[in-house]
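Student: My structure is in entry-v8.txt, and what it holds is compact mmCIF, C-alpha atoms and all ligand atoms:
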```txt
# COMPACT_ATOMS: atom_id res chain seq x y z
CA MET D 26 0.00 0.00 0.00
CA LEU D 27 3.04 2.29 -0.22
CA THR D 28 1.89 3.73 -3.55
CA GLU D 29 -1.54 4.53 -2.09
CA LEU D 30 0.00 6.02 1.08
CA LEU D 31 2.19 8.34 -0.99
CA GLU D 32 -0.67 9.25 -3.27
CA TRP D 33 -3.11 10.15 -0.47
CA LEU D 34 -0.62 11.79 1.88
CA ALA D 35 1.30 13.60 -0.90
CA PRO D 36 4.58 14.34 0.94
CA SER D 37 6.60 17.25 -0.48
CA PRO D 38 10.03 18.84 0.15
CA GLY D 39 10.36 20.64 3.49
CA GLN D 40 7.60 18.72 5.28
CA VAL D 41 7.78 17.11 8.73
CA VAL D 42 6.65 13.48 8.78
CA VAL D 43 6.03 11.32 11.85
CA ASP D 44 6.29 7.62 11.09
CA ALA D 45 4.58 6.28 14.22
CA THR D 46 5.33 2.63 13.35
CA LEU D 47 8.86 2.46 12.01
CA GLY D 48 9.21 -1.36 11.70
CA ALA D 49 11.67 -2.28 8.94
CA GLY D 50 11.70 1.34 7.74
CA GLY D 51 10.06 0.95 4.32
CA VAL D 52 7.59 3.80 4.91
CA SER D 53 10.26 6.08 6.40
CA ALA D 54 12.55 5.43 3.43
CA ALA D 55 9.84 6.28 0.89
CA PHE D 56 8.82 9.48 2.68
CA LEU D 57 12.44 10.60 3.26
CA THR D 58 13.16 10.71 -0.45
CA ARG D 59 10.12 12.96 -1.01
CA ILE D 60 10.50 15.48 1.82
CA LEU D 61 14.15 16.33 1.12
CA PRO D 62 15.55 18.88 0.88
CA GLY D 63 14.44 20.69 3.99
CA GLY D 64 12.11 18.11 5.55
CA ARG D 65 12.56 15.64 8.37
CA VAL D 66 11.20 12.30 9.55
CA LEU D 67 10.67 11.46 13.22
CA ALA D 68 10.12 7.72 13.44
CA LEU D 69 9.12 5.72 16.46
CA ASP D 70 8.65 2.10 17.39
CA ARG D 71 8.02 0.45 20.73
CA ASP D 72 10.41 -2.30 19.65
CA PRO D 73 13.99 -1.17 20.41
CA SER D 74 15.48 -3.52 17.80
CA ALA D 75 13.56 -1.74 14.99
CA VAL D 76 14.90 1.61 16.20
CA SER D 77 18.55 0.54 16.40
CA ALA D 78 18.44 -1.06 12.92
CA ALA D 79 16.90 2.11 11.42
CA ARG D 80 19.44 4.40 13.09
CA GLN D 81 22.18 2.52 11.23
CA ARG D 82 20.30 2.27 7.95
CA PHE D 83 19.35 5.95 7.82
CA ALA D 84 22.52 7.43 9.36
CA VAL D 85 23.40 9.01 5.98
CA TYR D 86 20.40 11.33 6.32
CA GLY D 87 21.90 13.04 9.41
CA ASP D 88 19.44 15.37 11.18
CA ALA D 89 16.72 14.69 8.61
CA PHE D 90 15.99 11.34 10.27
CA THR D 91 15.46 10.71 13.99
CA ALA D 92 14.34 7.38 15.46
CA VAL D 93 13.09 6.98 19.01
CA VAL D 94 11.85 4.08 21.11
CA GLY D 95 8.31 4.85 22.21
CA ARG D 96 4.62 4.11 21.93
CA PHE D 97 2.35 6.13 19.68
CA SER D 98 -0.06 6.68 22.58
CA ASN D 99 2.71 8.99 23.88
CA LEU D 100 3.06 10.93 20.61
CA GLU D 101 2.16 14.27 22.15
CA ARG D 102 4.97 14.07 24.67
CA ILE D 103 7.44 12.69 22.11
CA ALA D 104 6.60 15.44 19.56
CA ALA D 105 6.94 18.11 22.27
CA GLU D 106 10.37 16.75 23.24
CA HIS D 107 11.42 17.07 19.60
CA GLN D 108 9.70 20.45 19.24
CA LEU D 109 7.72 19.53 16.20
CA GLN D 110 4.30 19.77 14.64
CA ALA D 111 3.71 17.29 11.86
CA ASP D 112 2.53 17.77 8.31
CA ILE D 113 1.95 14.03 8.04
CA VAL D 114 1.52 11.18 10.55
CA VAL D 115 1.58 7.59 9.31
CA MET D 116 0.39 4.62 11.39
CA ASP D 117 1.05 1.24 9.75
CA LEU D 118 -0.48 -1.00 12.40
CA GLY D 119 0.31 -4.47 13.71
CA ILE D 120 3.63 -6.28 13.64
CA SER D 121 6.41 -6.15 11.09
CA SER D 122 7.57 -9.03 8.92
CA ILE D 123 10.83 -8.97 10.88
CA GLN D 124 8.95 -9.59 14.13
CA LEU D 125 6.67 -12.20 12.57
CA ASP D 126 9.50 -14.13 10.93
CA ASP D 127 11.74 -14.27 14.03
CA PRO D 128 10.89 -17.53 15.87
CA ALA D 129 12.32 -16.15 19.13
CA ARG D 130 9.58 -13.48 19.25
CA GLY D 131 6.82 -16.09 19.33
CA PHE D 132 4.37 -14.41 16.94
CA SER D 133 4.18 -17.18 14.35
CA PHE D 134 2.44 -20.54 14.71
CA GLN D 135 4.46 -21.86 11.78
CA VAL D 136 7.83 -22.12 13.53
CA GLU D 137 8.67 -23.26 17.01
CA GLY D 138 9.50 -20.54 19.51
CA PRO D 139 8.65 -19.37 23.02
CA LEU D 140 5.03 -18.22 23.39
CA ASP D 141 6.06 -14.61 23.95
CA MET D 142 4.47 -12.07 21.48
CA ARG D 143 5.66 -8.91 23.25
CA MET D 144 6.51 -6.15 20.79
CA ALA D 145 8.79 -4.57 23.37
CA PRO D 146 10.27 -7.19 25.64
CA SER D 147 12.54 -4.61 27.29
CA GLU D 148 9.78 -2.08 28.00
CA GLN D 149 7.67 -2.31 31.18
CA GLN D 150 5.90 -5.10 29.34
CA THR D 151 6.13 -8.28 31.34
CA GLN D 152 3.05 -10.34 30.48
CA THR D 153 3.66 -12.81 27.66
CA ALA D 154 1.19 -14.89 25.66
CA ALA D 155 2.30 -17.92 27.69
CA ASP D 156 1.28 -16.09 30.89
CA ILE D 157 -2.21 -15.44 29.52
CA VAL D 158 -2.59 -19.01 28.31
CA ALA D 159 -1.48 -20.29 31.73
CA SER D 160 -3.51 -17.97 33.96
CA TYR D 161 -6.83 -16.94 32.35
CA SER D 162 -9.94 -18.97 33.22
CA GLU D 163 -11.54 -21.00 30.44
CA ALA D 164 -14.36 -18.44 30.15
CA ASP D 165 -11.94 -15.50 29.97
CA LEU D 166 -9.86 -17.22 27.28
CA ALA D 167 -13.01 -17.90 25.25
CA ASP D 168 -14.09 -14.23 25.54
CA LEU D 169 -10.62 -13.06 24.52
CA PHE D 170 -10.50 -15.30 21.44
CA PHE D 171 -14.00 -14.23 20.45
CA GLU D 172 -13.65 -10.49 21.07
CA LEU D 173 -10.11 -9.84 19.86
CA GLY D 174 -9.75 -12.64 17.29
CA GLU D 175 -13.35 -13.15 16.14
CA GLU D 176 -12.76 -16.88 16.62
CA ARG D 177 -16.10 -18.64 16.04
CA HIS D 178 -15.00 -21.72 17.94
CA SER D 179 -13.64 -19.75 20.87
CA ARG D 180 -15.15 -22.02 23.51
CA ALA D 181 -13.73 -25.19 21.95
CA MET D 182 -10.30 -23.55 21.72
CA ALA D 183 -10.42 -22.41 25.34
CA ARG D 184 -11.59 -25.83 26.49
CA ALA D 185 -8.77 -27.61 24.66
CA ILE D 186 -6.18 -25.21 26.11
CA THR D 187 -7.33 -25.55 29.71
CA ALA D 188 -7.56 -29.36 29.36
CA ARG D 189 -3.98 -29.51 28.06
CA ARG D 190 -2.51 -27.14 30.64
CA ARG D 191 -3.87 -29.30 33.46
CA GLN D 192 -1.47 -32.01 32.22
CA THR D 193 1.51 -29.95 31.07
CA PRO D 194 2.40 -26.24 30.74
CA ILE D 195 1.94 -24.76 27.22
CA ARG D 196 5.22 -23.01 26.43
CA THR D 197 5.80 -22.93 22.69
CA THR D 198 4.06 -21.54 19.62
CA THR D 199 3.88 -24.94 17.95
CA ASP D 200 2.39 -26.54 21.11
CA LEU D 201 -0.41 -24.00 21.04
CA ALA D 202 -0.90 -24.29 17.27
CA GLN D 203 -1.25 -28.06 17.61
CA ILE D 204 -3.74 -27.76 20.47
CA CYS D 205 -5.87 -25.35 18.38
CA ALA D 206 -5.76 -27.67 15.36
CA GLN D 207 -6.78 -30.68 17.50
CA ALA D 208 -9.57 -28.71 19.20
CA LEU D 209 -11.72 -28.94 16.06
CA PRO D 210 -12.66 -31.77 13.70
CA ARG D 211 -11.14 -31.15 10.25
CA ARG D 212 -14.52 -30.30 8.73
CA LEU D 213 -14.72 -27.25 11.03
CA TRP D 214 -11.25 -25.94 10.16
CA PRO D 215 -11.35 -22.56 8.40
CA LYS D 216 -10.85 -22.83 4.62
CA ARG D 217 -7.96 -20.49 3.95
CA ILE D 218 -6.19 -20.05 7.27
CA HIS D 219 -4.63 -22.27 9.93
CA PRO D 220 -7.04 -23.11 12.79
CA ALA D 221 -4.74 -21.29 15.26
CA THR D 222 -4.64 -17.99 13.31
CA ARG D 223 -7.36 -16.16 15.24
CA VAL D 224 -6.22 -17.43 18.64
CA PHE D 225 -2.71 -16.14 17.91
CA LEU D 226 -4.10 -12.80 16.74
CA ALA D 227 -6.22 -12.39 19.89
CA LEU D 228 -3.26 -13.20 22.15
CA ARG D 229 -0.99 -10.73 20.31
CA VAL D 230 -3.55 -7.93 20.57
CA ALA D 231 -4.06 -8.63 24.29
CA VAL D 232 -0.36 -8.96 25.16
CA ASN D 233 0.41 -5.59 23.55
CA ASP D 234 -2.80 -3.83 24.60
CA GLU D 235 -3.09 -2.87 20.94
CA LEU D 236 -6.64 -1.49 20.87
CA GLN D 237 -6.13 0.91 23.77
CA GLU D 238 -2.82 1.98 22.19
CA LEU D 239 -4.60 2.62 18.90
CA GLU D 240 -7.46 4.63 20.42
CA ARG D 241 -5.03 6.85 22.34
CA GLY D 242 -2.59 6.99 19.44
CA LEU D 243 -5.18 8.38 17.02
CA VAL D 244 -6.09 11.19 19.43
CA ALA D 245 -2.41 11.94 20.10
CA ALA D 246 -1.58 11.92 16.37
CA THR D 247 -4.38 14.40 15.69
CA GLN D 248 -3.02 16.70 18.37
CA ILE D 249 0.46 16.90 16.85
CA LEU D 250 -0.74 17.69 13.31
CA ARG D 251 -0.59 21.23 11.93
CA PRO D 252 -3.80 22.58 10.43
CA ASP D 253 -4.17 20.91 6.98
CA GLY D 254 -1.76 18.17 8.07
CA ARG D 255 -2.78 14.62 7.19
CA ILE D 256 -2.97 11.34 9.09
CA GLY D 257 -2.89 8.01 7.25
CA THR D 258 -3.68 4.70 8.96
CA LEU D 259 -3.13 1.22 7.58
CA SER D 260 -5.06 -1.44 9.48
CA PHE D 261 -4.95 -5.18 8.86
CA GLN D 262 -7.51 -6.99 10.99
CA PRO D 263 -11.18 -6.53 11.89
CA SER D 264 -10.83 -5.04 15.40
CA GLU D 265 -8.26 -2.52 14.06
CA HIS D 266 -10.48 -1.65 11.08
CA ARG D 267 -13.49 -1.06 13.33
CA LEU D 268 -11.67 0.98 15.94
CA THR D 269 -9.83 3.13 13.40
CA LYS D 270 -13.04 3.85 11.51
CA HIS D 271 -14.97 4.65 14.71
CA SER D 272 -12.24 6.81 16.29
CA LEU D 273 -11.65 8.84 13.11
CA ASN D 274 -15.41 9.33 12.74
CA VAL D 275 -15.64 10.61 16.33
CA LEU D 276 -12.67 12.95 15.80
CA ALA D 277 -14.42 14.28 12.69
CA LYS D 278 -17.73 15.05 14.48
CA ASP D 279 -18.90 18.30 16.00
CA CYS D 280 -21.15 16.61 18.55
CA VAL D 281 -21.03 13.18 20.15
CA CYS D 282 -24.17 13.48 22.30
CA PRO D 283 -26.55 10.48 22.18
CA SER D 284 -28.80 10.77 19.10
CA HIS D 285 -32.02 11.08 21.20
CA GLN D 286 -30.66 14.20 22.95
CA MET D 287 -32.22 17.37 21.46
CA VAL D 288 -29.64 19.88 22.73
CA CYS D 289 -25.88 19.36 22.52
CA THR D 290 -24.13 19.33 25.88
CA CYS D 291 -20.89 17.58 24.93
CA ALA D 292 -18.85 20.57 23.70
CA HIS D 293 -17.01 18.11 21.44
CA ARG D 294 -15.64 19.82 18.32
CA ALA D 295 -14.31 18.15 15.17
CA THR D 296 -10.53 18.21 14.91
CA LEU D 297 -10.34 16.16 11.70
CA SER D 298 -12.15 15.96 8.40
CA LEU D 299 -12.25 12.57 6.66
CA VAL D 300 -10.48 12.46 3.29
CA THR D 301 -11.25 8.83 2.45
CA ARG D 302 -15.00 8.23 2.93
CA ARG D 303 -14.47 4.51 2.39
CA SER D 304 -11.25 2.72 3.20
CA VAL D 305 -8.79 2.22 0.33
CA LYS D 306 -7.88 -1.44 -0.36
CA PRO D 307 -4.82 -2.91 -2.10
CA THR D 308 -4.93 -3.67 -5.80
CA SER D 309 -5.20 -7.31 -6.90
CA GLU D 310 -1.64 -7.07 -8.32
CA GLU D 311 -0.32 -6.09 -4.90
CA VAL D 312 -2.19 -8.95 -3.19
CA THR D 313 -0.70 -11.42 -5.70
CA ARG D 314 2.78 -10.01 -5.10
CA ASN D 315 2.39 -9.75 -1.32
CA PRO D 316 -0.40 -11.89 0.18
CA ARG D 317 0.14 -10.29 3.62
CA ALA D 318 -1.34 -7.08 2.18
CA ARG D 319 -4.68 -8.73 1.35
CA SER D 320 -6.52 -7.44 4.42
CA ALA D 321 -5.01 -3.91 4.45
CA GLN D 322 -7.27 -0.85 4.66
CA LEU D 323 -6.02 2.71 4.30
CA ARG D 324 -7.86 5.65 5.88
CA VAL D 325 -6.83 9.28 5.58
CA ALA D 326 -8.04 12.39 7.42
CA VAL D 327 -6.96 16.02 7.47
CA ARG D 328 -6.49 18.26 10.54
CA LEU D 329 -8.91 21.14 10.88
CA PRO D 330 -7.76 24.50 12.22
CA THR D 331 -8.32 24.80 16.00
CA PRO D 332 -11.59 26.74 16.52
CA GLY D 333 -11.16 30.20 18.02
CA PRO D 334 -12.45 31.12 21.52
C1 LIG V 1 3.42 -3.17 10.33
S1 LIG V 1 4.88 -2.76 11.17
C2 LIG V 1 5.42 -1.31 10.35
C3 LIG V 1 6.15 -1.58 9.10
C4 LIG V 1 6.81 -0.33 8.53
N1 LIG V 1 5.87 0.67 8.12
C5 LIG V 1 7.75 -0.67 7.39
O1 LIG V 1 7.66 0.00 6.35
O2 LIG V 1 8.58 -1.56 7.55
C6 LIG V 1 4.32 -2.10 12.67
C7 LIG V 1 5.41 -1.66 13.62
O3 LIG V 1 4.78 -0.83 14.59
C8 LIG V 1 5.28 -1.13 15.86
N2 LIG V 1 4.23 -0.79 16.82
C9 LIG V 1 3.09 -1.45 17.04
N3 LIG V 1 2.37 -0.82 17.98
C10 LIG V 1 3.07 0.27 18.34
C11 LIG V 1 2.84 1.34 19.25
N4 LIG V 1 1.74 1.37 20.01
N5 LIG V 1 3.75 2.32 19.34
C12 LIG V 1 4.88 2.28 18.56
N6 LIG V 1 5.17 1.29 17.70
C13 LIG V 1 4.26 0.31 17.58
C14 LIG V 1 5.63 -2.60 15.83
O4 LIG V 1 6.62 -2.89 16.78
C15 LIG V 1 6.08 -2.78 14.38
O5 LIG V 1 7.47 -2.65 14.28
```
Can you give me the file's structure in the form of structure tokens?
Ligand SMILES: C[S@@+](CC[C@H](N)C(=O)[O-])C[C@H]1O[C@@H](n2cnc3c(N)ncnc32)[C@H](O)[C@@H]1O

Tutor:
Amino acid sequence: MLTELLEWLAPSPGQVVVDATLGAGGVSAAFLTRILPGGRVLALDRDPSAVSAARQRFAVYGDAFTAVVGRFSNLERIAAEHQLQADIVVMDLGISSIQLDDPARGFSFQVEGPLDMRMAPSEQQTQTAADIVASYSEADLADLFFELGEERHSRAMARAITARRRQTPIRTTTDLAQICAQALPRRLWPKRIHPATRVFLALRVAVNDELQELERGLVAATQILRPDGRIGTLSFQPSEHRLTKHSLNVLAKDCVCPSHQMVCTCAHRATLSLVTRRSVKPTSEEVTRNPRARSAQLRVAVRLPTPGP
């Protein structure tokens, strides 16, 4: 979706870009070439390994590129520390291919690794996926799989997990993947994805508190934009799509009072105007080239001037 991001956010020389999800640096690299001369990119990631790799890769850009370890829910503080207002904020949500493909991080059910899934193991983030699998009640696991992963067979998955952990602790990604596969008869397996996919997604979202981060991050990103500055979000899974759509809609509304209320008492004022009415999806060529992009949705909004007193 890089082409679409560049098209809708239209970076130009001299602009200040905040890449709120640095990852492997593909977005930062593309924006850097378009905002020079005169512009700068501030990139952040909660994963320290992404930040140290990018500092090396982009060292040639000198002061035009700064990478910091941080969470996008703290964007207001981070932008203030760097004394900037942004022309563009990009949020490319979820995990990077580097994180997914590293067995030691525990995000993938395809290779054996510890059941970890923390994006920032060195941050104050101590709860791993293994901790959740070991400590949640059967009912809480089922709710988690249903709410955060939209797993239709959430109860069967939770039952299989609690039955197994009574015999032996569940420590690895492949252990959990096997338990999920065995929890359902083959005829109930999903057609195009592994039976553990949604359980893994739900655990990842819970371990990293991703929805709360996203809700706060969108508000913070709006606050650091200059008037006419643009925010672009790329979301990849249903709970992210829903929350991004809802939060941007709320930020673009002048009143959020309940619809039955005749007189507005909320004093809420729109800070954004939506640029994409419907989300933008990848082209079929991109999906063929990169199947991981198949569920991507791009949304763009523009910052309104702050209303006067
Ligand atoms: C999909 S990847 C970004 C890929 C990147 N745009 C690229 O071109 O390589 C998402 C990245 O955002 C980071 N991330 C996720 N949630 C975050 C948060 N709340 N604050 C900061 N970084 C976050 C992840 O650690 C991951 O590296």

Student: List all protein, DNA and RNA residues that have any atom at most 10 Å from ligand LIG 1 (chain V), counting only C-alpha atoms and all ligand atoms, and write the list as a count of residues only.

Tutor: 60

Student: Between CA of Ala105 (chain D) and CA of Lys270 (chain D), measure the distance and give it in Å to one decimal.

Tutor: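 The value is 26.8 Å.
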
Student: Would you kindly return, as a list in words, each protein, DNA or RNA residue with an atom no farther than 7 Å from any atom of Val325 (chain D), considering only C-alpha atoms and excluding same-chain residues fewer than 4 positions away?

Tutor: Arg255, Ile256, Gly257, Thr258, Leu299, Val300 and Thr301 of chain D

Student: What is the CA of Arg251 (chain D)-CA of Arg80 (chain D) distance in Å, reported with one decimal?

Tutor: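 So the answer is 26.2 Å.
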
Student: What is the CA of Gly87 (chain D) to CA of Ala245 (chain D) distance in Å?

Tutor: 26.6 Å

Student: What lies within 8 Å of region 186-200 of chain D using all atoms listed in the file, ignoring chain neighbours under 2 positions off, as a PyMOL selection string?

Tutor: chain D and resi 131-140+155+158-159+162-163+182-184+202-205

Student: Which is closer to Tyr161 (chain D) than all the others in D:Val305, D:Thr247, D:Leu67, D:Leu228, using all atoms listed in the file?

Tutor: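 Nearest candidate to Tyr161 (chain D) out of D:Val305, D:Thr247, D:Leu67, D:Leu228: D:Leu228.
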
Student: Select, from D:Val232, D:Ala92, D:Ala167, D:Leu173, the residue with the minimum atom-to-atom distance to Gln152 (chain D), counting all atoms listed in the file.

Tutor: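 The answer is D:Val232, which sits nearest to Gln152 (chain D).
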
Student: Measuring atom to atom with all atoms listed in the file, identify which of D:Ala221, D:Ala111, D:Ala277, D:Val42 is nearest to Ala206 (chain D).

Tutor: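 The closest residue to Ala206 (chain D) is D:Ala221.
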
Student: Pick the closest to Gln150 (chain D) from D:Pro36, D:His219, D:Leu268, D:Ala231: which is it, counting all atoms listed in the file?

Tutor: D:Ala231

Student: With distances taken over only C-alpha atoms, which residue among D:Gly254, D:Pro307, D:Pro283, D:Pro220 lies nearest Leu329 (chain D)?

Tutor: D:Gly254

Student: Looking at only C-alpha atoms, which of D:Gln40, D:Ser179, D:Gln262, D:Ser77 is the one that sits closest to Val114 (chain D)?

Tutor: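 Distance minimum relative to Val114 (chain D) lands on D:Gln40.
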